[in-house]
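A.B. asks: My structure file model15.txt, compact mmCIF, C-alpha atoms (C1' of nucleotides), is below:
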```
# COMPACT_ATOMS: atom_id res chain seq x y z
CA MET E 793 28.58 12.78 -52.20
CA ALA E 794 25.95 13.12 -49.50
CA THR E 795 27.17 13.95 -46.02
CA LEU E 796 25.78 12.10 -43.04
CA ALA E 797 22.99 13.97 -41.34
CA PRO E 798 24.08 15.36 -37.97
CA VAL E 799 23.13 13.11 -35.08
CA GLU E 800 21.21 15.94 -33.47
CA LEU E 801 18.46 15.63 -36.03
CA ASP E 802 17.55 12.30 -34.49
CA LEU E 803 17.23 13.65 -30.98
CA ARG E 804 13.67 13.50 -29.81
CA SER E 805 12.22 15.23 -26.79
CA CYS E 806 12.08 13.49 -23.46
CA THR E 807 8.32 13.02 -23.64
CA GLU E 808 8.51 11.67 -27.18
CA VAL E 809 11.15 9.12 -26.27
CA TYR E 810 9.25 8.03 -23.18
CA SER E 811 5.92 7.66 -24.93
CA ARG E 812 7.32 5.92 -28.02
CA PRO E 813 10.42 4.06 -26.84
CA VAL E 814 11.34 2.45 -30.18
CA GLY E 815 14.61 1.73 -31.93
CA ASP E 816 18.13 1.75 -30.60
CA PRO E 817 18.21 4.11 -27.64
CA ASP E 818 20.80 6.87 -27.62
CA ARG E 819 23.05 6.89 -24.56
CA THR E 820 23.85 10.60 -24.48
CA PRO E 821 22.98 11.93 -21.01
CA ARG E 822 20.77 14.89 -21.74
CA HIS E 823 17.44 14.88 -19.86
CA THR E 824 17.08 16.60 -16.48
CA ILE E 825 15.24 14.95 -13.66
CA SER E 826 12.30 17.33 -13.95
CA GLU E 827 11.95 16.64 -17.68
CA VAL E 828 11.89 12.93 -16.97
CA ALA E 829 9.44 13.43 -14.13
CA ALA E 830 7.10 15.36 -16.44
CA ALA E 831 7.42 12.75 -19.20
CA SER E 832 6.99 9.70 -17.01
CA GLY E 833 4.44 10.93 -14.51
CA LEU E 834 6.73 9.90 -11.67
CA THR E 835 7.98 12.50 -9.22
CA ALA E 836 11.65 13.46 -9.01
CA HIS E 837 11.64 11.84 -5.59
CA THR E 838 10.49 8.59 -7.06
CA LEU E 839 13.04 8.69 -9.86
CA ARG E 840 15.84 9.06 -7.32
CA TRP E 841 14.31 6.29 -5.24
CA TYR E 842 14.14 3.96 -8.27
CA GLU E 843 17.83 4.60 -8.82
CA ARG E 844 18.69 4.07 -5.17
CA ILE E 845 16.99 0.69 -5.01
CA GLY E 846 18.56 -0.37 -8.29
CA LEU E 847 15.62 -0.24 -10.70
CA LEU E 848 17.68 2.21 -12.74
CA ASP E 849 21.42 1.95 -13.24
CA PRO E 850 23.37 4.86 -11.75
CA VAL E 851 22.38 7.83 -13.87
CA ASP E 852 25.04 10.01 -15.50
CA ARG E 853 25.80 13.31 -13.87
CA ALA E 854 26.41 16.78 -15.23
CA ALA E 855 29.02 19.04 -13.65
CA GLY E 856 27.73 19.75 -10.17
CA GLY E 857 26.34 16.29 -9.70
CA GLN E 858 22.94 16.82 -11.34
CA ARG E 859 21.41 13.81 -13.05
CA ARG E 860 21.20 13.63 -16.82
CA TYR E 861 19.08 10.78 -18.13
CA SER E 862 19.73 9.14 -21.50
CA ASP E 863 17.19 7.78 -23.95
CA ALA E 864 18.19 4.31 -22.79
CA ASP E 865 17.14 5.27 -19.25
CA LEU E 866 13.83 6.51 -20.66
CA HIS E 867 13.31 3.24 -22.50
CA ARG E 868 13.78 1.30 -19.33
CA LEU E 869 11.52 3.66 -17.40
CA ALA E 870 8.84 3.30 -20.04
CA PHE E 871 8.94 -0.46 -19.78
CA LEU E 872 8.98 -0.38 -16.00
CA GLY E 873 5.97 1.92 -16.21
CA ARG E 874 4.16 -0.73 -18.22
CA LEU E 875 5.01 -3.40 -15.69
CA ARG E 876 3.88 -1.13 -12.89
CA LEU E 877 0.60 -0.63 -14.70
CA THR E 878 0.02 -4.38 -14.52
CA GLY E 879 0.37 -4.19 -10.75
CA MET E 880 3.73 -5.94 -10.71
CA PRO E 881 5.40 -5.31 -7.35
CA VAL E 882 8.62 -3.32 -7.35
CA ALA E 883 10.45 -6.34 -5.98
CA ASP E 884 9.59 -8.32 -9.12
CA MET E 885 10.62 -5.47 -11.39
CA LEU E 886 13.89 -5.46 -9.53
CA ARG E 887 14.34 -9.17 -10.14
CA TYR E 888 13.77 -8.59 -13.83
CA VAL E 889 16.24 -5.71 -14.00
CA GLU E 890 18.87 -7.65 -12.10
CA MET E 891 18.50 -10.55 -14.49
CA ALA E 892 18.86 -8.16 -17.41
CA ARG E 893 22.17 -7.01 -15.94
CA GLN E 894 23.45 -10.56 -16.07
CA GLY E 895 23.13 -10.70 -19.82
CA GLU E 896 22.11 -13.47 -22.20
CA ARG E 897 22.14 -16.34 -19.79
CA THR E 898 19.00 -15.04 -18.13
CA PHE E 899 16.97 -14.75 -21.36
CA GLU E 900 14.85 -17.76 -20.59
CA ALA E 901 14.15 -16.73 -17.01
CA ARG E 902 13.20 -13.24 -18.13
CA ARG E 903 10.94 -14.58 -20.82
CA GLN E 904 9.26 -16.81 -18.27
CA LEU E 905 8.71 -13.89 -15.93
CA LEU E 906 7.03 -11.97 -18.72
CA VAL E 907 4.92 -14.96 -19.72
CA ASP E 908 3.72 -15.31 -16.13
CA GLN E 909 2.94 -11.64 -15.94
CA ARG E 910 1.07 -11.80 -19.25
CA GLU E 911 -1.11 -14.52 -17.83
CA GLU E 912 -1.88 -12.39 -14.79
CA VAL E 913 -2.74 -9.44 -17.00
CA ARG E 914 -5.12 -11.59 -19.04
CA GLN E 915 -6.79 -12.70 -15.85
CA ARG E 916 -7.08 -9.13 -14.63
CA ILE E 917 -8.68 -8.05 -17.87
CA ALA E 918 -11.20 -10.86 -17.58
CA ASP E 919 -12.00 -9.88 -13.99
CA LEU E 920 -12.41 -6.26 -14.93
CA GLN E 921 -14.72 -7.13 -17.78
CA ALA E 922 -16.87 -9.19 -15.46
CA THR E 923 -16.97 -6.25 -13.08
CA LEU E 924 -17.91 -3.97 -15.92
CA ALA E 925 -20.96 -6.13 -16.54
CA VAL E 926 -21.97 -5.83 -12.90
CA LEU E 927 -21.52 -2.08 -12.97
CA ASP E 928 -23.60 -1.80 -16.13
CA TYR E 929 -26.33 -3.83 -14.48
CA LYS E 930 -26.36 -1.73 -11.33
CA ILE E 931 -26.29 1.50 -13.28
CA ASP E 932 -29.26 0.38 -15.33
CA LEU E 933 -31.05 -0.50 -12.14
CA TYR E 934 -30.50 2.96 -10.71
CA ALA E 935 -31.35 4.64 -13.98
CA GLY E 936 -34.59 2.71 -14.29
CA ARG E 937 -35.56 3.58 -10.75
CA ILE E 938 -34.80 7.22 -11.34
CA ALA E 939 -36.77 7.37 -14.57
CA ALA E 940 -39.85 5.56 -13.23
CA ALA E 941 -40.10 5.30 -9.46
CA ASP E 942 -42.86 2.70 -9.56
CA GLY E 943 -40.91 -0.52 -10.14
CA PRO E 944 -40.12 -3.02 -7.43
CA ALA E 945 -37.91 -1.60 -4.74
CA ILE E 946 -34.28 -2.04 -5.59
CA CYS E 947 -31.95 -3.16 -2.90
CA HIS E 948 -30.72 -0.43 -0.60
CA HIS E 949 -28.13 -2.63 0.94
CA ASP E 950 -25.80 -2.75 -2.03
CA MET S 813 -54.18 -28.17 -1.88
CA ALA S 814 -50.43 -27.81 -2.28
CA THR S 815 -48.50 -26.81 0.79
CA LEU S 816 -45.82 -24.16 0.55
CA ALA S 817 -42.34 -25.63 0.25
CA PRO S 818 -40.34 -25.16 3.45
CA VAL S 819 -38.10 -22.11 3.31
CA GLU S 820 -35.08 -24.27 4.06
CA LEU S 821 -35.13 -25.68 0.55
CA ASP S 822 -34.09 -22.28 -0.73
CA LEU S 823 -31.06 -21.97 1.51
CA ARG S 824 -27.86 -22.01 -0.49
CA SER S 825 -24.40 -22.50 0.86
CA CYS S 826 -22.27 -19.54 1.83
CA THR S 827 -19.98 -19.95 -1.19
CA GLU S 828 -22.92 -20.28 -3.55
CA VAL S 829 -24.56 -17.12 -2.28
CA TYR S 830 -21.33 -15.19 -2.43
CA SER S 831 -20.42 -16.27 -5.93
CA ARG S 832 -23.90 -15.83 -7.37
CA PRO S 833 -25.54 -13.06 -5.31
CA VAL S 834 -28.86 -12.93 -7.16
CA GLY S 835 -32.45 -12.43 -6.08
CA ASP S 836 -33.86 -11.19 -2.83
CA PRO S 837 -31.32 -11.94 -0.13
CA ASP S 838 -32.42 -13.83 2.94
CA ARG S 839 -31.75 -12.08 6.24
CA THR S 840 -31.43 -15.14 8.45
CA PRO S 841 -28.12 -14.96 10.32
CA ARG S 842 -26.56 -18.31 9.61
CA HIS S 843 -22.99 -18.14 8.26
CA THR S 844 -19.99 -18.22 10.57
CA ILE S 845 -17.07 -15.90 10.06
CA SER S 846 -14.83 -18.69 8.83
CA GLU S 847 -17.41 -19.78 6.25
CA VAL S 848 -17.63 -16.24 4.98
CA ALA S 849 -13.87 -15.93 4.98
CA ALA S 850 -13.55 -19.08 2.89
CA ALA S 851 -16.26 -17.97 0.48
CA SER S 852 -15.05 -14.41 0.03
CA GLY S 853 -11.31 -14.89 0.11
CA LEU S 854 -11.03 -12.27 2.84
CA THR S 855 -9.58 -13.23 6.21
CA ALA S 856 -11.68 -13.26 9.37
CA HIS S 857 -9.55 -10.34 10.52
CA THR S 858 -10.51 -8.35 7.47
CA LEU S 859 -14.19 -9.18 7.83
CA ARG S 860 -14.16 -7.84 11.39
CA TRP S 861 -12.25 -4.80 10.21
CA TYR S 862 -14.80 -4.12 7.43
CA GLU S 863 -17.52 -4.18 10.06
CA ARG S 864 -15.59 -1.97 12.43
CA ILE S 865 -15.04 0.74 9.82
CA GLY S 866 -18.64 0.56 8.69
CA LEU S 867 -18.38 -1.22 5.34
CA LEU S 868 -20.72 -3.83 6.79
CA ASP S 869 -23.62 -3.09 9.06
CA PRO S 870 -23.26 -4.59 12.55
CA VAL S 871 -23.49 -8.34 12.00
CA ASP S 872 -25.96 -10.43 13.96
CA ARG S 873 -24.63 -12.50 16.85
CA ALA S 874 -25.28 -16.02 18.04
CA ALA S 875 -25.38 -16.83 21.77
CA GLY S 876 -21.89 -16.16 23.05
CA GLY S 877 -21.37 -13.21 20.77
CA GLN S 878 -20.19 -15.03 17.67
CA ARG S 879 -21.00 -13.42 14.33
CA ARG S 880 -23.58 -14.96 12.04
CA TYR S 881 -23.71 -13.45 8.58
CA SER S 882 -26.88 -13.35 6.49
CA ASP S 883 -27.22 -13.75 2.74
CA ALA S 884 -27.77 -9.99 2.58
CA ASP S 885 -24.35 -9.50 4.17
CA LEU S 886 -22.88 -11.84 1.57
CA HIS S 887 -24.54 -9.89 -1.23
CA ARG S 888 -22.97 -6.70 -0.02
CA LEU S 889 -19.61 -8.37 0.45
CA ALA S 890 -19.79 -9.74 -3.07
CA PHE S 891 -20.44 -6.32 -4.50
CA LEU S 892 -17.73 -4.73 -2.36
CA GLY S 893 -15.39 -7.42 -3.65
CA ARG S 894 -16.19 -6.34 -7.19
CA LEU S 895 -15.49 -2.72 -6.37
CA ARG S 896 -12.26 -3.71 -4.66
CA LEU S 897 -11.25 -5.59 -7.79
CA THR S 898 -11.50 -2.36 -9.72
CA GLY S 899 -9.02 -0.79 -7.34
CA MET S 900 -11.59 1.43 -5.68
CA PRO S 901 -10.18 2.68 -2.38
CA VAL S 902 -11.93 1.58 0.79
CA ALA S 903 -12.81 5.20 1.54
CA ASP S 904 -14.88 5.38 -1.66
CA MET S 905 -16.59 2.10 -0.91
CA LEU S 906 -17.46 3.55 2.46
CA ARG S 907 -18.96 6.62 0.83
CA TYR S 908 -21.08 4.38 -1.34
CA VAL S 909 -22.25 2.27 1.59
CA GLU S 910 -23.06 5.33 3.65
CA MET S 911 -25.12 6.73 0.81
CA ALA S 912 -26.94 3.42 0.51
CA ARG S 913 -27.88 3.72 4.19
CA GLN S 914 -29.55 7.03 3.49
CA GLY S 915 -32.04 5.44 1.12
CA GLU S 916 -33.62 6.61 -2.08
CA ARG S 917 -32.51 10.21 -2.03
CA THR S 918 -28.94 9.16 -2.80
CA PHE S 919 -29.84 7.11 -5.89
CA GLU S 920 -28.50 9.67 -8.30
CA ALA S 921 -25.24 10.18 -6.38
CA ARG S 922 -24.71 6.44 -6.14
CA ARG S 923 -25.39 5.99 -9.81
CA GLN S 924 -22.88 8.73 -10.61
CA LEU S 925 -20.26 7.08 -8.44
CA LEU S 926 -20.74 3.84 -10.33
CA VAL S 927 -20.65 5.60 -13.69
CA ASP S 928 -17.36 7.23 -12.76
CA GLN S 929 -15.96 3.94 -11.61
CA ARG S 930 -17.10 2.26 -14.81
CA GLU S 931 -15.17 4.81 -16.80
CA GLU S 932 -12.05 4.11 -14.75
CA VAL S 933 -12.47 0.40 -15.29
CA ARG S 934 -12.76 0.91 -19.04
CA GLN S 935 -9.58 2.95 -18.99
CA ARG S 936 -7.80 0.28 -16.97
CA ILE S 937 -8.83 -2.40 -19.41
CA ALA S 938 -7.49 -0.31 -22.29
CA ASP S 939 -4.19 0.24 -20.47
CA LEU S 940 -3.86 -3.44 -19.69
CA GLN S 941 -4.54 -4.39 -23.28
CA ALA S 942 -1.83 -2.01 -24.46
CA THR S 943 0.52 -3.56 -21.94
CA LEU S 944 -0.43 -6.99 -23.16
CA ALA S 945 0.74 -5.99 -26.64
CA VAL S 946 4.09 -4.86 -25.23
CA LEU S 947 4.48 -8.10 -23.30
CA ASP S 948 3.67 -10.14 -26.39
CA TYR S 949 6.27 -8.21 -28.34
CA LYS S 950 8.97 -8.70 -25.72
CA ILE S 951 8.18 -12.35 -25.31
CA ASP S 952 8.47 -12.86 -29.05
CA LEU S 953 11.79 -11.07 -28.95
CA TYR S 954 13.12 -13.37 -26.28
CA ALA S 955 11.68 -16.46 -27.90
CA GLY S 956 13.25 -15.56 -31.24
CA ARG S 957 16.62 -15.02 -29.63
CA ILE S 958 16.38 -18.30 -27.82
CA ALA S 959 15.41 -20.24 -30.92
CA ALA S 960 18.07 -18.71 -33.18
CA ALA S 961 20.88 -16.89 -31.41
CA ASP S 962 22.12 -15.20 -34.56
CA GLY S 963 19.81 -12.22 -34.85
CA PRO S 964 20.77 -8.69 -33.94
CA ALA S 965 21.51 -8.31 -30.25
CA ILE S 966 18.35 -7.50 -28.35
CA CYS S 967 18.50 -4.88 -25.71
CA HIS S 968 19.84 -6.02 -22.37
CA HIS S 969 18.77 -2.87 -20.67
CA ASP S 970 15.08 -3.57 -20.67
C1' DG L 884 -12.03 -31.50 34.78
C1' DG L 885 -9.08 -30.51 31.10
C1' DC L 886 -8.12 -29.97 26.29
C1' DT L 887 -9.14 -28.28 21.76
C1' DT L 888 -11.32 -25.42 18.46
C1' DG L 889 -13.33 -21.41 17.04
C1' DC L 890 -14.40 -17.13 18.11
C1' DT L 891 -14.12 -12.44 20.71
C1' DT L 892 -11.77 -7.68 21.63
C1' DG L 893 -8.76 -3.24 21.19
C1' DG L 894 -4.76 -1.82 19.85
C1' DA L 895 -0.39 -2.29 17.83
C1' DG L 896 2.40 -3.77 13.87
C1' DT L 897 3.47 -4.78 8.87
C1' DG L 898 4.61 -4.16 3.96
C1' DC L 899 4.39 -1.53 0.11
C1' DA L 900 5.32 2.38 -2.60
C1' DC L 901 6.20 6.24 -2.31
C1' DT L 902 6.70 11.17 -0.16
C1' DC L 903 8.63 14.61 2.43
C1' DC L 904 12.23 17.07 5.13
C1' DA L 905 16.27 19.83 6.30
C1' DA L 906 20.37 21.26 4.97
C1' DC L 907 23.14 21.77 1.31
C1' DT L 908 25.38 22.85 -3.66
C1' DC L 909 25.46 24.71 -8.19
C1' DG L 910 24.69 27.67 -12.22
C1' DT L 911 22.11 31.56 -13.82
C1' DT L 912 19.92 35.93 -13.71
C1' DA L 913 19.36 40.94 -11.61
C1' DT V 51 27.40 40.10 -5.07
C1' DA V 52 23.16 38.52 -3.90
C1' DA V 53 19.25 36.14 -4.73
C1' DC V 54 16.84 32.46 -7.04
C1' DG V 55 15.53 28.09 -8.75
C1' DA V 56 16.63 23.56 -9.69
C1' DG V 57 19.00 19.95 -8.01
C1' DT V 58 21.56 17.04 -4.26
C1' DT V 59 21.64 13.76 0.06
C1' DG V 60 20.21 10.29 3.89
C1' DG V 61 16.83 9.36 6.66
C1' DA V 62 12.38 9.82 8.48
C1' DG V 63 7.41 10.00 7.64
C1' DT V 64 2.87 8.93 5.27
C1' DG V 65 -1.31 6.49 3.70
C1' DC V 66 -3.39 2.46 2.60
C1' DA V 67 -5.15 -1.97 3.48
C1' DC V 68 -4.71 -5.04 5.96
C1' DT V 69 -2.50 -8.30 9.63
C1' DC V 70 -1.18 -9.82 13.88
C1' DC V 71 -1.13 -10.14 18.95
C1' DA V 72 -2.38 -11.24 23.66
C1' DA V 73 -5.77 -12.37 26.54
C1' DG V 74 -9.99 -14.22 27.10
C1' DC V 75 -14.61 -16.80 26.46
C1' DA V 76 -17.95 -20.61 25.11
C1' DA V 77 -19.07 -25.15 23.39
C1' DG V 78 -17.94 -29.86 22.42
C1' DC V 79 -15.41 -34.00 23.38
C1' DC V 80 -12.36 -37.59 26.12
```
Once you've parsed the file, please lay out its structure as structure tokens.

C.D. replies:
Amino acid sequence: MATLAPVELDLRSCTEVYSRPVGDPDRTPRHTISEVAAASGLTAHTLRWYERIGLLDPVDRAAGGQRRYSDADLHRLAFLGRLRLTGMPVADMLRYVEMARQGERTFEARRQLLVDQREEVRQRIADLQATLAVLDYKIDLYAGRIAAADGPAICHHD
Amino acid sequence: MATLAPVELDLRSCTEVYSRPVGDPDRTPRHTISEVAAASGLTAHTLRWYERIGLLDPVDRAAGGQRRYSDADLHRLAFLGRLRLTGMPVADMLRYVEMARQGERTFEARRQLLVDQREEVRQRIADLQATLAVLDYKIDLYAGRIAAADGPAICHHD
DNA sequence: GGCTTGCTTGGAGTGCACTCCAACTCGTTA
DNA sequence: TAACGAGTTGGAGTGCACTCCAAGCAAGCC
């Protein structure tokens, strides 16, 4: 009869959990604040601040009061990091998190918030691609002028 | 013998010039600050501030000291708007503008600045597209739960 | 003349998202 | 036992990009 593999075999490093936050997150408090800071790219200051304003639930403490983050905390941080990347203001992230705390009855509102944000992201991508075209054009202009300084004068003013 | 068409026929509205800043820009000072604000989406406050910090060259004045922006000013504003869209800090825009004032000998440096910025924009687009995938996934998750509330519990924590 | 509208100025204020500080505690190493 | 490094706290400070304010001026209209 096969014995169950010890749970510890499933434990992934802080960075691994943060960068691939998949599956059911473990709730064991085991990551120090500096590990989480290194994994997430946030500073320890910012992690404490996120907790203070309520973006993170109160983090478990080791003896002596030091924070120990769980994989579930890392999952949330990873998702918040994604939202932050889209330029979502902290206030909106907070709204999302507070809805999540209220359970199932906010599913629709949360979905709507994400749908709205997706639309904004799509718009941002379109804007950036248009900008990319302008940059390409300008770069070509400069490159051409540098290669052969006999073309028509290119604008100095922009 | 055909007469030359009057120059006025070429004059485009402030919004038109701003949104399609092509060709050799006219230098006639003719747009009021509120026209430029409407066209650019910046406030009159911000336009004055851009001028004060040197992002715009000193703008021509009508009798009584009121600003009158030229098409060349609009061209620069349009390009600055693009750079701003990429998240470029004002300080970097200022560096670019100050190099432009120094003429041809800064071509290579300006080109390099744009190349660097292009790379950042490409990276941003890639990040946003990855985020889009995460948003799609989450939205599907919520939608599925809403449609049939009998699946496995989805995470409340994120 | 008086009112309104649009513009002018320098300097101060705002909102956001951190970011740092001083003083302290705790567990570990020398 | 003493030092060290990592962590703790509340509150204050920073940097950016605006944003607003008060006071005033000039032109157009009733």

A.B. asks: Please identify every residue of chain S that has at least one atom no more than 10 Å from any atom of chain V, counting all atoms listed in the file, and report them as a list in words.

C.D. replies: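 Interface list for chain S against chain V: Thr855, His857, Thr858, Trp861, Ala875, Gly876, Gly877, Gln878, Pro901, Val902 and Ala903 of chain S.
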
A.B. asks: With 12 Å as the limit and counting all atoms listed in the file, what residues in chain L lie close to chain S? Please list them as JSON, numbers by chain.

C.D. replies: {"L": [889, 890, 891, 892, 893]}

A.B. asks: I'd like a table as JSON lines: residues in chain E with an atom no more than 9 Å from chain S, each row giving the shortest atom pair and its distance in Å to one decimal, only C-alpha atoms counted, sorted by chain and rising residue number.

C.D. replies:
```
{"residue": "E:Asp816", "atom": "CA", "partner": "S:Cys967", "partner_atom": "CA", "distance": 8.2}
{"residue": "E:Ala864", "atom": "CA", "partner": "S:His969", "partner_atom": "CA", "distance": 7.5}
{"residue": "E:Asp865", "atom": "CA", "partner": "S:His969", "partner_atom": "CA", "distance": 8.4}
{"residue": "E:His867", "atom": "CA", "partner": "S:Asp970", "partner_atom": "CA", "distance": 7.3}
{"residue": "E:Arg868", "atom": "CA", "partner": "S:Asp970", "partner_atom": "CA", "distance": 5.2}
{"residue": "E:Leu869", "atom": "CA", "partner": "S:Asp970", "partner_atom": "CA", "distance": 8.7}
{"residue": "E:Phe871", "atom": "CA", "partner": "S:Asp970", "partner_atom": "CA", "distance": 6.9}
{"residue": "E:Leu872", "atom": "CA", "partner": "S:Asp970", "partner_atom": "CA", "distance": 8.3}
{"residue": "E:Arg874", "atom": "CA", "partner": "S:Thr943", "partner_atom": "CA", "distance": 5.9}
{"residue": "E:Leu875", "atom": "CA", "partner": "S:Thr943", "partner_atom": "CA", "distance": 7.7}
{"residue": "E:Leu877", "atom": "CA", "partner": "S:Leu940", "partner_atom": "CA", "distance": 7.3}
{"residue": "E:Thr878", "atom": "CA", "partner": "S:Leu940", "partner_atom": "CA", "distance": 6.5}
{"residue": "E:Tyr888", "atom": "CA", "partner": "S:Asp970", "partner_atom": "CA", "distance": 8.6}
{"residue": "E:Val889", "atom": "CA", "partner": "S:Asp970", "partner_atom": "CA", "distance": 7.1}
{"residue": "E:Ala892", "atom": "CA", "partner": "S:His968", "partner_atom": "CA", "distance": 5.5}
{"residue": "E:Arg893", "atom": "CA", "partner": "S:His968", "partner_atom": "CA", "distance": 6.9}
{"residue": "E:Gln894", "atom": "CA", "partner": "S:His968", "partner_atom": "CA", "distance": 8.6}
{"residue": "E:Gly895", "atom": "CA", "partner": "S:His968", "partner_atom": "CA", "distance": 6.3}
{"residue": "E:Glu896", "atom": "CA", "partner": "S:His968", "partner_atom": "CA", "distance": 7.8}
{"residue": "E:Phe899", "atom": "CA", "partner": "S:Tyr954", "partner_atom": "CA", "distance": 6.4}
{"residue": "E:Glu900", "atom": "CA", "partner": "S:Tyr954", "partner_atom": "CA", "distance": 7.4}
{"residue": "E:Arg902", "atom": "CA", "partner": "S:Tyr954", "partner_atom": "CA", "distance": 8.2}
{"residue": "E:Arg903", "atom": "CA", "partner": "S:Ile951", "partner_atom": "CA", "distance": 5.7}
{"residue": "E:Gln904", "atom": "CA", "partner": "S:Ile951", "partner_atom": "CA", "distance": 8.4}
{"residue": "E:Leu906", "atom": "CA", "partner": "S:Leu947", "partner_atom": "CA", "distance": 6.5}
{"residue": "E:Val907", "atom": "CA", "partner": "S:Ile951", "partner_atom": "CA", "distance": 7.0}
{"residue": "E:Gln909", "atom": "CA", "partner": "S:Leu947", "partner_atom": "CA", "distance": 8.3}
{"residue": "E:Arg910", "atom": "CA", "partner": "S:Leu944", "partner_atom": "CA", "distance": 6.4}
{"residue": "E:Val913", "atom": "CA", "partner": "S:Leu940", "partner_atom": "CA", "distance": 6.7}
{"residue": "E:Arg914", "atom": "CA", "partner": "S:Leu944", "partner_atom": "CA", "distance": 7.8}
{"residue": "E:Arg916", "atom": "CA", "partner": "S:Leu940", "partner_atom": "CA", "distance": 8.3}
{"residue": "E:Ile917", "atom": "CA", "partner": "S:Ile937", "partner_atom": "CA", "distance": 5.9}
{"residue": "E:Ala918", "atom": "CA", "partner": "S:Ile937", "partner_atom": "CA", "distance": 9.0}
{"residue": "E:Asp919", "atom": "CA", "partner": "S:Leu897", "partner_atom": "CA", "distance": 7.6}
{"residue": "E:Leu920", "atom": "CA", "partner": "S:Thr898", "partner_atom": "CA", "distance": 6.6}
{"residue": "E:Gln921", "atom": "CA", "partner": "S:Ile937", "partner_atom": "CA", "distance": 7.7}
{"residue": "E:Ala922", "atom": "CA", "partner": "S:Arg894", "partner_atom": "CA", "distance": 8.8}
{"residue": "E:Thr923", "atom": "CA", "partner": "S:Arg894", "partner_atom": "CA", "distance": 5.9}
{"residue": "E:Leu924", "atom": "CA", "partner": "S:Arg930", "partner_atom": "CA", "distance": 6.4}
{"residue": "E:Val926", "atom": "CA", "partner": "S:Arg894", "partner_atom": "CA", "distance": 8.1}
{"residue": "E:Leu927", "atom": "CA", "partner": "S:Arg930", "partner_atom": "CA", "distance": 6.5}
{"residue": "E:Asp928", "atom": "CA", "partner": "S:Arg930", "partner_atom": "CA", "distance": 7.8}
{"residue": "E:Lys930", "atom": "CA", "partner": "S:Arg923", "partner_atom": "CA", "distance": 7.9}
{"residue": "E:Ile931", "atom": "CA", "partner": "S:Arg923", "partner_atom": "CA", "distance": 5.7}
{"residue": "E:Asp932", "atom": "CA", "partner": "S:Arg923", "partner_atom": "CA", "distance": 8.8}
{"residue": "E:Leu933", "atom": "CA", "partner": "S:Arg923", "partner_atom": "CA", "distance": 8.9}
{"residue": "E:Tyr934", "atom": "CA", "partner": "S:Arg923", "partner_atom": "CA", "distance": 6.0}
{"residue": "E:Ala935", "atom": "CA", "partner": "S:Arg923", "partner_atom": "CA", "distance": 7.4}
{"residue": "E:Arg937", "atom": "CA", "partner": "S:Phe919", "partner_atom": "CA", "distance": 8.3}
{"residue": "E:Ile938", "atom": "CA", "partner": "S:Phe919", "partner_atom": "CA", "distance": 7.4}
{"residue": "E:Cys947", "atom": "CA", "partner": "S:Asp836", "partner_atom": "CA", "distance": 8.3}
{"residue": "E:His948", "atom": "CA", "partner": "S:Ala912", "partner_atom": "CA", "distance": 5.5}
{"residue": "E:His949", "atom": "CA", "partner": "S:Ala912", "partner_atom": "CA", "distance": 6.2}
{"residue": "E:Asp950", "atom": "CA", "partner": "S:Arg888", "partner_atom": "CA", "distance": 5.3}
```

A.B. asks: Would you work out the distance separating C1' of DC899 (chain L) from CA of Leu854 (chain S), expressed in Å to one decimal?

C.D. replies: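 Atom-to-atom, C1' of DC899 (chain L) and CA of Leu854 (chain S) are spaced 19.0 Å apart.
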
A.B. asks: Grab the CA of Asp818 (chain E) to CA of Leu803 (chain E) distance for me, in Å with one decimal place.

C.D. replies: 8.4 Å

A.B. asks: For a test of reading the model, state the distance in Å between CA of Leu906 (chain S) and CA of Pro870 (chain S), rounded to one decimal.

C.D. replies: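 The value is 14.2 Å.
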